[in-house]
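What's in query11.txt: compact mmCIF, C-alpha atoms and all ligand atoms
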# COMPACT_ATOMS: atom_id res chain seq x y z
CA ALA A 4 -19.57 9.17 -5.69
CA GLU A 5 -19.89 7.65 -2.24
CA GLN A 6 -16.98 9.74 -0.93
CA GLU A 7 -18.56 12.84 -2.35
CA LEU A 8 -21.84 11.98 -0.72
CA ILE A 9 -20.27 11.49 2.69
CA ARG A 10 -18.54 14.83 2.29
CA ALA A 11 -21.81 16.45 1.26
CA GLN A 12 -23.53 14.88 4.24
CA ARG A 13 -20.91 16.20 6.64
CA PHE A 14 -21.12 19.57 5.02
CA GLU A 15 -24.89 19.53 5.31
CA SER A 16 -24.71 18.89 9.07
CA LEU A 17 -22.13 21.62 9.42
CA ALA A 18 -24.19 24.06 7.39
CA LEU A 19 -27.25 23.11 9.41
CA LEU A 20 -25.41 23.78 12.64
CA ALA A 21 -23.82 26.97 11.32
CA GLY A 22 -27.17 28.19 10.08
CA GLY A 23 -28.86 27.61 13.42
CA LEU A 24 -25.96 29.05 15.36
CA SER A 25 -25.74 32.12 13.13
CA HIS A 26 -29.38 32.82 13.61
CA ASP A 27 -29.16 32.60 17.41
CA LEU A 28 -25.94 34.57 17.53
CA ARG A 29 -27.38 37.32 15.41
CA ASN A 30 -30.29 37.65 17.79
CA LEU A 31 -27.84 38.02 20.66
CA LEU A 32 -25.47 40.39 18.92
CA GLN A 33 -27.95 42.86 17.54
CA PRO A 34 -29.18 44.14 20.93
CA LEU A 35 -25.58 44.18 22.15
CA LEU A 36 -24.62 46.42 19.26
CA LEU A 37 -27.51 48.72 19.97
CA ALA A 38 -26.66 48.85 23.67
CA GLY A 39 -23.02 49.74 22.89
CA ASP A 40 -24.11 52.41 20.46
CA THR A 41 -26.50 53.95 22.95
CA LEU A 42 -23.92 53.88 25.71
CA GLU A 43 -21.38 55.57 23.47
CA ASP A 44 -23.78 58.36 22.50
CA TYR A 45 -25.47 59.08 25.81
CA ALA A 46 -23.05 58.21 28.60
CA ASP A 47 -21.97 61.28 30.62
CA ASP A 48 -18.82 59.59 31.82
CA PRO A 49 -16.22 59.36 29.00
CA ARG A 50 -15.02 56.04 30.42
CA LEU A 51 -18.49 54.65 30.01
CA ALA A 52 -18.66 56.04 26.50
CA ARG A 53 -15.41 54.26 25.64
CA LEU A 54 -16.86 51.08 27.04
CA GLY A 55 -19.84 51.65 24.77
CA THR A 56 -17.54 51.97 21.75
CA LEU A 57 -15.84 48.72 22.71
CA VAL A 58 -19.13 46.87 23.08
CA ARG A 59 -20.40 48.25 19.80
CA ASP A 60 -17.25 47.29 17.89
CA CYS A 61 -17.21 43.78 19.28
CA GLY A 62 -20.88 43.35 18.43
CA ARG A 63 -20.25 44.63 14.92
CA ARG A 64 -17.32 42.29 14.42
CA GLY A 65 -19.41 39.39 15.70
CA LEU A 66 -22.17 40.19 13.24
CA GLU A 67 -19.65 40.29 10.40
CA MET A 68 -18.40 36.87 11.40
CA VAL A 69 -21.94 35.56 11.52
CA SER A 70 -22.75 36.80 8.05
CA SER A 71 -19.56 35.38 6.57
CA MET A 72 -20.41 32.07 8.24
CA LEU A 73 -23.80 32.21 6.56
CA SER A 74 -22.44 33.06 3.14
CA PHE A 75 -19.87 30.29 3.50
CA ALA A 76 -22.69 27.84 4.11
CA ARG A 77 -24.71 29.16 1.18
CA GLY A 78 -21.88 29.87 -1.21
CA ALA A 79 -20.67 26.28 -1.30
CA ARG A 80 -23.85 25.26 -2.97
CA ARG A 81 -23.60 25.08 -6.72
CA ALA A 82 -26.55 25.44 -9.04
CA GLU A 83 -26.48 23.20 -12.06
CA GLN A 84 -28.82 21.43 -14.43
CA VAL A 85 -30.09 18.36 -12.61
CA LYS A 86 -31.34 15.56 -14.79
CA LEU A 87 -34.12 13.53 -13.30
CA GLY A 88 -32.93 10.26 -14.83
CA ALA A 89 -29.35 10.72 -13.65
CA LEU A 90 -30.51 11.71 -10.19
CA LEU A 91 -32.57 8.58 -9.70
CA GLU A 92 -29.94 6.35 -11.26
CA ALA A 93 -27.34 7.64 -8.81
CA LEU A 94 -29.76 7.10 -5.96
CA ASN A 95 -30.45 3.57 -7.12
CA LEU A 96 -26.74 2.82 -7.19
CA LEU A 97 -26.19 4.19 -3.71
CA LEU A 98 -29.08 2.19 -2.32
CA GLN A 99 -28.08 -1.13 -3.84
CA GLY A 100 -26.02 -2.17 -0.84
CA SER A 101 -28.66 -1.09 1.69
CA ILE A 102 -31.78 -2.76 0.39
CA PRO A 103 -32.67 -5.92 2.28
CA ARG A 104 -33.93 -8.85 0.25
CA MET A 105 -37.40 -8.47 1.73
CA VAL A 106 -37.78 -4.95 0.40
CA ARG A 107 -38.81 -4.45 -3.19
CA MET A 108 -37.84 -1.18 -4.79
CA ASP A 109 -39.88 0.39 -7.56
CA VAL A 110 -38.73 3.47 -9.40
CA ASP A 111 -41.09 5.28 -11.69
CA VAL A 112 -39.53 8.08 -13.71
CA PHE A 113 -42.04 9.90 -15.87
CA ASP A 114 -39.31 11.32 -18.07
CA PRO A 115 -35.60 10.74 -17.42
CA ASP A 116 -34.66 13.65 -19.68
CA VAL A 117 -36.43 16.25 -17.60
CA ALA A 118 -33.86 18.74 -16.34
CA PHE A 119 -34.17 21.54 -13.84
CA GLU A 120 -31.91 23.91 -11.97
CA GLY A 121 -30.71 22.60 -8.65
CA ASN A 122 -27.94 20.77 -6.91
CA HIS A 123 -27.54 17.13 -7.82
CA THR A 124 -25.56 16.10 -4.72
CA GLU A 125 -27.91 17.79 -2.29
CA LEU A 126 -31.01 16.31 -3.84
CA GLN A 127 -29.40 12.90 -4.01
CA GLN A 128 -28.62 13.11 -0.32
CA CYS A 129 -32.12 14.25 0.50
CA LEU A 130 -33.68 11.34 -1.40
CA LEU A 131 -31.20 8.92 0.15
CA ASN A 132 -32.23 10.07 3.63
CA LEU A 133 -35.87 9.49 2.80
CA CYS A 134 -35.21 6.07 1.28
CA LEU A 135 -33.09 4.90 4.21
CA ASN A 136 -35.82 6.01 6.61
CA ALA A 137 -38.34 4.11 4.50
CA ILE A 138 -36.23 0.96 4.53
CA GLN A 139 -35.77 1.21 8.28
CA ALA A 140 -39.53 1.46 8.65
CA MET A 141 -39.93 -1.94 6.94
CA PRO A 142 -37.96 -4.42 9.07
CA GLU A 143 -40.24 -7.22 7.89
CA GLY A 144 -39.98 -6.16 4.27
CA GLY A 145 -42.33 -4.31 2.00
CA VAL A 146 -42.34 -2.01 -0.99
CA LEU A 147 -40.33 1.17 -1.46
CA ARG A 148 -41.69 3.24 -4.32
CA ILE A 149 -40.07 6.30 -5.82
CA GLU A 150 -42.49 8.21 -7.99
CA THR A 151 -42.08 11.31 -10.08
CA ASP A 152 -44.64 13.49 -11.79
CA MET A 153 -45.56 17.05 -12.67
CA VAL A 154 -48.24 18.86 -10.75
CA SER A 155 -49.84 22.29 -10.63
CA LEU A 156 -50.04 23.62 -7.12
CA PRO A 157 -52.91 26.02 -6.43
CA GLU A 158 -52.78 28.95 -4.02
CA ASP A 159 -54.54 27.09 -1.21
CA PHE A 160 -51.93 24.33 -1.24
CA PHE A 161 -49.51 26.56 0.65
CA SER A 162 -49.66 27.28 4.33
CA ASP A 163 -48.82 30.55 6.06
CA GLY A 164 -45.18 31.48 5.98
CA GLU A 165 -44.33 29.26 3.04
CA GLN A 166 -42.28 31.09 0.43
CA ALA A 167 -43.37 29.02 -2.53
CA THR A 168 -45.71 30.28 -5.21
CA PRO A 169 -48.51 28.58 -7.12
CA GLY A 170 -47.52 27.03 -10.43
CA ARG A 171 -45.85 24.03 -12.00
CA TYR A 172 -43.82 21.73 -9.79
CA LEU A 173 -41.88 18.55 -10.16
CA ARG A 174 -43.02 16.09 -7.51
CA LEU A 175 -40.68 13.45 -6.16
CA SER A 176 -42.35 10.96 -3.86
CA VAL A 177 -40.86 8.34 -1.59
CA VAL A 178 -43.54 5.91 -0.53
CA ASP A 179 -43.13 2.98 1.81
CA SER A 180 -45.41 0.27 3.16
CA GLY A 181 -43.69 0.32 6.56
CA HIS A 182 -44.91 0.82 10.10
CA GLY A 183 -45.95 4.42 9.55
CA MET A 184 -46.15 7.00 12.31
CA PRO A 185 -48.57 7.85 15.06
CA PRO A 186 -49.72 11.50 15.18
CA GLU A 187 -47.33 12.38 18.03
CA VAL A 188 -44.32 11.36 15.91
CA LEU A 189 -45.73 12.98 12.78
CA GLN A 190 -46.03 16.25 14.67
CA ARG A 191 -42.38 16.37 15.73
CA LEU A 192 -40.80 14.97 12.59
CA PHE A 193 -38.81 18.04 11.58
CA GLU A 194 -37.60 19.02 15.02
CA PRO A 195 -33.81 18.99 15.27
CA PHE A 196 -32.56 15.84 17.03
CA PHE A 197 -36.01 14.30 17.20
CA THR A 198 -35.62 10.57 16.67
CA THR A 199 -37.39 7.38 17.68
CA LYS A 200 -34.38 5.27 16.73
CA GLU A 201 -31.77 3.96 19.10
CA ALA A 202 -28.93 5.14 16.87
CA GLY A 203 -30.76 7.95 15.10
CA THR A 204 -29.49 11.50 14.78
CA GLY A 205 -32.81 13.19 14.25
CA LEU A 206 -31.21 15.40 11.64
CA GLY A 207 -32.12 13.57 8.45
CA LEU A 208 -35.49 15.11 7.79
CA LEU A 209 -34.40 18.54 8.94
CA SER A 210 -31.59 18.41 6.41
CA CYS A 211 -34.05 17.25 3.72
CA LYS A 212 -36.29 20.16 4.51
CA ARG A 213 -33.38 22.57 4.28
CA ILE A 214 -32.28 21.18 0.93
CA VAL A 215 -35.78 21.38 -0.50
CA ALA A 216 -36.16 24.93 0.83
CA ASN A 217 -32.83 25.83 -0.81
CA HIS A 218 -34.43 24.76 -4.07
CA GLY A 219 -37.42 26.98 -3.45
CA GLY A 220 -39.56 23.91 -2.92
CA LEU A 221 -41.55 22.35 -0.15
CA MET A 222 -42.20 19.05 1.49
CA ARG A 223 -45.32 17.20 2.54
CA VAL A 224 -45.71 14.02 4.49
CA ARG A 225 -48.61 11.65 4.94
CA SER A 226 -48.46 8.70 7.24
CA GLN A 227 -50.76 6.20 8.87
CA ALA A 228 -49.58 4.04 11.74
CA GLY A 229 -49.42 0.44 10.56
CA GLU A 230 -49.99 1.37 6.91
CA GLY A 231 -46.99 3.25 5.58
CA THR A 232 -45.63 6.68 4.83
CA GLU A 233 -45.43 9.05 1.88
CA PHE A 234 -42.96 11.88 1.58
CA HIS A 235 -43.53 14.32 -1.27
CA LEU A 236 -40.96 16.84 -2.42
CA TYR A 237 -42.20 19.67 -4.61
CA LEU A 238 -39.55 21.45 -6.65
CA PRO A 239 -40.57 24.53 -8.64
CA LEU A 240 -39.83 24.61 -12.35
CA ARG A 241 -38.88 28.13 -13.32
CA ASN A 242 -37.19 30.02 -16.12
CA GLU A 243 -34.58 32.79 -15.70
CA ASP A 244 -37.30 35.33 -14.93
CA GLY A 245 -38.55 33.21 -12.07
CA ASP A 246 -41.75 32.29 -13.92
CA HIS A 247 -42.99 28.76 -13.63
CA VAL A 248 -42.48 26.76 -16.79
CA GLU A 249 -42.83 23.31 -18.20
CA PRO A 250 -39.72 21.24 -17.59
CA GLN A 251 -36.87 21.47 -19.99
CA ILE A 252 -36.23 18.32 -21.96
CA MET A 253 -32.54 17.92 -22.62
CA ASP A 254 -31.58 16.74 -26.05
CA ALA A 255 -29.89 13.37 -25.60
CA SER A 256 -27.25 14.25 -28.20
CA LEU A 257 -26.12 17.28 -26.18
CA GLN A 258 -25.59 15.59 -22.83
CA GLY A 259 -22.08 14.39 -23.43
CA GLU A 260 -22.45 11.46 -21.08
P1 LIG B 1 -33.45 9.66 12.23
O1 LIG B 1 -33.68 8.83 11.01
O2 LIG B 1 -32.01 9.80 12.57
O3 LIG B 1 -34.29 9.26 13.41
P2 LIG B 1 -34.94 11.69 10.82
O4 LIG B 1 -35.02 13.17 11.00
O5 LIG B 1 -34.59 11.20 9.46
O6 LIG B 1 -33.90 11.17 11.89
O7 LIG B 1 -36.33 11.04 11.24
C1 LIG B 1 -36.96 11.39 12.45
C2 LIG B 1 -37.97 10.35 12.86
O8 LIG B 1 -39.05 10.33 11.93
C3 LIG B 1 -37.46 8.91 12.84
O9 LIG B 1 -36.78 8.59 14.05
C4 LIG B 1 -38.75 8.12 12.69
O10 LIG B 1 -39.42 7.96 13.93
C5 LIG B 1 -39.62 9.02 11.84
N1 LIG B 1 -39.63 8.62 10.42
C6 LIG B 1 -38.97 9.18 9.39
N2 LIG B 1 -39.23 8.58 8.23
C7 LIG B 1 -40.10 7.58 8.51
C8 LIG B 1 -40.77 6.57 7.71
N3 LIG B 1 -40.58 6.49 6.38
N4 LIG B 1 -41.61 5.72 8.35
C9 LIG B 1 -41.80 5.82 9.67
N5 LIG B 1 -41.21 6.72 10.48
C10 LIG B 1 -40.37 7.60 9.91

Encoding of this model in structure tokens:
Amino acid sequence: AEQELIRAQRFESLALLAGGLSHDLRNLLQPLLLAGDTLEDYADDPRLARLGTLVRDCGRRGLEMVSSMLSFARGARRAEQVKLGALLEALNLLLQGSIPRMVRMDVDVFDPDVAFEGNHTELQQCLLNLCLNAIQAMPEGGVLRIETDMVSLPEDFFSDGEQATPGRYLRLSVVDSGHGMPPEVLQRLFEPFFTTKEAGTGLGLLSCKRIVANHGGLMRVRSQAGEGTEFHLYLPLRNEDGDHVEPQIMDASLQGE
């Protein structure tokens, strides 16, 4: 499981990089394509027109490469039934070696049999990132709480540009009693490469955000310097028609575990 996680982590960073790069490249290539096209159509000099064709074809090929890069990054992600209990158990196992004696860990699962569509490995990695951050924020010890519950999110919960829709959500919270964050850190939290740590990458939270967005969910954070920090992940519970539903409870006899 640890090997798989490391692989998933590497893949996440790669996908993150590829995603960002693809986006930027596309923005560069699209005007190039247009310029080539225009040159081809309107140039009086046939040599210029040929140059236009060349530019257009290269731009087109570049765009094709970009989109296959994107679908590679997306396609590797597998949707499956994620079981809440199994997810948190796996997380617990992974964390065992990393929890200092001074940190107490509390896990509160409202129903381990709740299942939803998602990607177990991605979510596990996302929660692991949050928990490791929490532990690092408590060098003198403290309490790390993982909480789960069901909530209904109203329309006004969402901010502009957020894709999510009102309805039923599974909430996963990672709460620590660590040093918290001042507003200037809180503001920059999700910026790529933003870190306050000597050996930090500044990619952990960005990758969490990406994973949660891949699940159609969203993330909220609350923090008070000197008091602690709460990260909340909201994952939508939907049926095949995309309607929000109550979580599915898997019959224990059918799990085959
Ligand atoms: P990294 O952990 O490599 O620095 P992250 O993207 O995971 O990258 O986090 C960015 C920054 O957010 C951290 O450097 C830290 O300052 C802050 N941060 C994240 N989680 C917490 C937390 N639970 N408590 C306090 N600060 C945090």

*Which of these, A:Asp44, A:Glu15, A:Asp152, A:Glu233, has the shortest distance to Gly207 (chain A) once you count only C-alpha atoms?*
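Looking only at the distances to Gly207 (chain A), the closest residue turns out to be A:Glu15.
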
Around (-46.5, 3.7, 4.3), as given in the file, which residues come within 10 Å? Count only C-alpha atoms and list them as a PDB file with C-alpha atoms, keeping the file's coordinate frame.
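Result written to point_9.pdb:
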ATOM      1  CA  ALA A 137     -38.340   4.110   4.500  1.00  0.00           C
ATOM      2  CA  ALA A 140     -39.530   1.460   8.650  1.00  0.00           C
ATOM      3  CA  MET A 141     -39.930  -1.940   6.940  1.00  0.00           C
ATOM      4  CA  GLY A 145     -42.330  -4.310   2.000  1.00  0.00           C
ATOM      5  CA  VAL A 146     -42.340  -2.010  -0.990  1.00  0.00           C
ATOM      6  CA  LEU A 147     -40.330   1.170  -1.460  1.00  0.00           C
ATOM      7  CA  ARG A 148     -41.690   3.240  -4.320  1.00  0.00           C
ATOM      8  CA  VAL A 177     -40.860   8.340  -1.590  1.00  0.00           C
ATOM      9  CA  VAL A 178     -43.540   5.910  -0.530  1.00  0.00           C
ATOM     10  CA  ASP A 179     -43.130   2.980   1.810  1.00  0.00           C
ATOM     11  CA  SER A 180     -45.410   0.270   3.160  1.00  0.00           C
ATOM     12  CA  GLY A 181     -43.690   0.320   6.560  1.00  0.00           C
ATOM     13  CA  HIS A 182     -44.910   0.820  10.100  1.00  0.00           C
ATOM     14  CA  GLY A 183     -45.950   4.420   9.550  1.00  0.00           C
ATOM     15  CA  MET A 184     -46.150   7.000  12.310  1.00  0.00           C
ATOM     16  CA  ARG A 225     -48.610  11.650   4.940  1.00  0.00           C
ATOM     17  CA  SER A 226     -48.460   8.700   7.240  1.00  0.00           C
ATOM     18  CA  GLN A 227     -50.760   6.200   8.870  1.00  0.00           C
ATOM     19  CA  ALA A 228     -49.580   4.040  11.740  1.00  0.00           C
ATOM     20  CA  GLY A 229     -49.420   0.440  10.560  1.00  0.00           C
ATOM     21  CA  GLU A 230     -49.990   1.370   6.910  1.00  0.00           C
ATOM     22  CA  GLY A 231     -46.990   3.250   5.580  1.00  0.00           C
ATOM     23  CA  THR A 232     -45.630   6.680   4.830  1.00  0.00           C
ATOM     24  CA  GLU A 233     -45.430   9.050   1.880  1.00  0.00           C
ATOM     25  CA  PHE A 234     -42.960  11.880   1.580  1.00  0.00           C
TER      26      PHE A 234
END

_Between CA of Phe196 (chain A) and CA of Ser162 (chain A) - distance in Å to one decimal_ =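 Rounded to one decimal, the two atoms are 24.2 Å apart.
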
*One decimal, Å: what's the distance from atom O9 of ligand LIG 1 (chain B) over to CA of Cys211 (chain A), could you say?*
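Pair atom O9 of ligand LIG 1 (chain B) / CA of Cys211 (chain A) returns 13.8 Å.
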
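Going from CA of Glu92 (chain A) to atom C4 of ligand LIG 1 (chain B) covers 25.6 Å.
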
_Which residue of A:Asp114, A:Glu201, A:Glu67, A:Glu125 approaches Arg13 (chain A) most closely, using all atoms listed in the file_ = A:Glu125

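Taking only C-alpha atoms into account, Ile149 (chain A) lies nearest to A:Asn95 out of the set A:Thr56, A:Asn95, A:Thr41, A:Gln6.
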